[in-house]
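Working notes, beginning with the structure itself.
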Amino acid sequence: MASSSVPVYLRDENLTQETRDLLSSLPSEKGWLVSEMYQYEGSWHTQAVLQGVVNCQKHFEANDSDIILATLPKSGTTWLEALLFALIHRKKFPVSSGNHPLLATNPHLLVPYMEGDYCVSPDVDFSKLPSPRLMQTHLSYHSLPVSIKSSSCKIVYCCRNPKDVFVSLWHFGKKLAPQETADYPMEKALEAFCQGKFIGGPFWDHVLEYWYESRKNPNKVLFVTYEELKKQTGDMVKRMAEFLGCGFTAEEEVSEIVKLCSFESLSKLEVNKQGKLPNGIETSAFFRKGETGGWRDTLSESLADIIDRTTEEKFGGSGLKFSF
Ligand code: PAP
């Protein structure tokens, strides 16, 4: 696959014998965007990410002060990385200073992707991160490293309307790997998404598990949605700050953080227009439209209905609803 346009973390290279042995025992499926996906602890991963998941589970040691951002891909990761980074480090990096790290660095480089970093090696050093450490994961709650659950570290979980998640993924895949996705019809990709056979999926199990955990243990897990963040960004930033123990004082302004991290501001920065991540992905791929309900210009009503029906079936009785 050396000539593939698929980025390194989605390719199946540099696997250890231990990973190869594990892979041979797992259910596998041909995936959209990747040649093969494997089901581990209920979720679907590429070979490379699976190696990262296992390394992360074995070697990551959480500190009590750590903050973990958990999301499914395309659910608001980049935005939340920026908002959380800006709010927890606002004393160290004043937003009004004119040289805030977010102005010169893509959020993915300020907030490490845990299982992504562990893909390459079991020896990952997060000790140089500014304190409190902020890291990001796409892992399901039950697959998180034990120390995240046993320590007092906090988890912020963000989910997004599944139709927008699917559409965002669809365009991301097309941009990333035009050759590999060219002959794959949307109907087939959507069917796989609804069956949970998508990288990081199943969508519904991932969301529900964090939803129930947040209700059981509201001091440990804060559950937010992309849609409520869009509607009332300032209030949500304040709520996240309270949850993380660094609430805003009456005099402090939240609006500067909201503005700095907005789609309009971040997407216009040179670093997010022209940059590349070390894994080869162009930073512009993380900024497309940044809207709620944007699925309408890509999904037909009948395809949207399939996702709606699946959502109703899976979320029935949970109290969770998406209005877009
Ligand atoms: P990732 O999980 O692969 O890192 P993630 O950041 O969750 O991706 O998803 C990208 C989506 O968030 C894109 O949505 P779209 O395709 O529907 O447009 C992207 O535009 C959107 N996004 C990125 N930054 C922001 C932001 N600052 N505010 C709102 N939405 C954003």
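Residue numbering restarts at 1 in every chain; chains get A, B, ... in the order shown in the structure tokens, and ligands count up from 1 in that same order.
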
Exercise. Name the residues in contact with Leu134 in chain A at a cut-off of 12 Å, using only C-alpha atoms, excluding same-chain residues fewer than 5 positions from it; report them as a PyMOL selection string.
Key: chain A and resi 62-70+80-89+107-114+126-129+153-156+244

Practice problem: Would you list the residues that come within 7 Å of ligand 1? Count only C-alpha atoms and all ligand atoms and give the answer as a PyMOL selection string. | Solution: chain A and resi 71-79+164-165+167-169+171-172+261-263+266+286-291+294

Exercise. Would you kindly return, as a list in words, each protein, DNA or RNA residue with an atom no farther than 10 Å from any atom of Asp125 in chain A, considering only C-alpha atoms and excluding same-chain residues fewer than 6 positions away?
Key: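 Within the cut-off, the hits are Phe60, Asp117 and Tyr118 of chain A.
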
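You can rank A:Val221, A:Phe166, A:Tyr212, A:Tyr38 by their closest distance to Arg296 in chain A using only C-alpha atoms, and at the top of that list sits A:Phe166.
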
Quiz prompt | Given only C-alpha atoms as the counted atoms, nearest of A:Val53, A:Ala177, A:Leu102, A:Met236 to Cys119 in chain A | solution =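 Closest residue, counting only C-alpha atoms: A:Val53.
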
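Relative to CA of Gln232 in chain A, CA of Arg160 in chain A is found at 14.9 Å.
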
Quiz prompt | Residues near Ala48 in chain A, cut-off 12 Å, only C-alpha atoms, skip fewer than 2 positions along chain, as number ranges by chain | solution = A: 7-16, 19-20, 23, 34-38, 44-46, 50-55, 115-121, 199

Practice problem: Pick out the closest residue to Pro94 in chain A from this set: A:Ile257, A:Val49, A:His59, A:Trp211. Count only C-alpha atoms. | Solution: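 Result for the nearest residue to Pro94 in chain A: A:Ile257.
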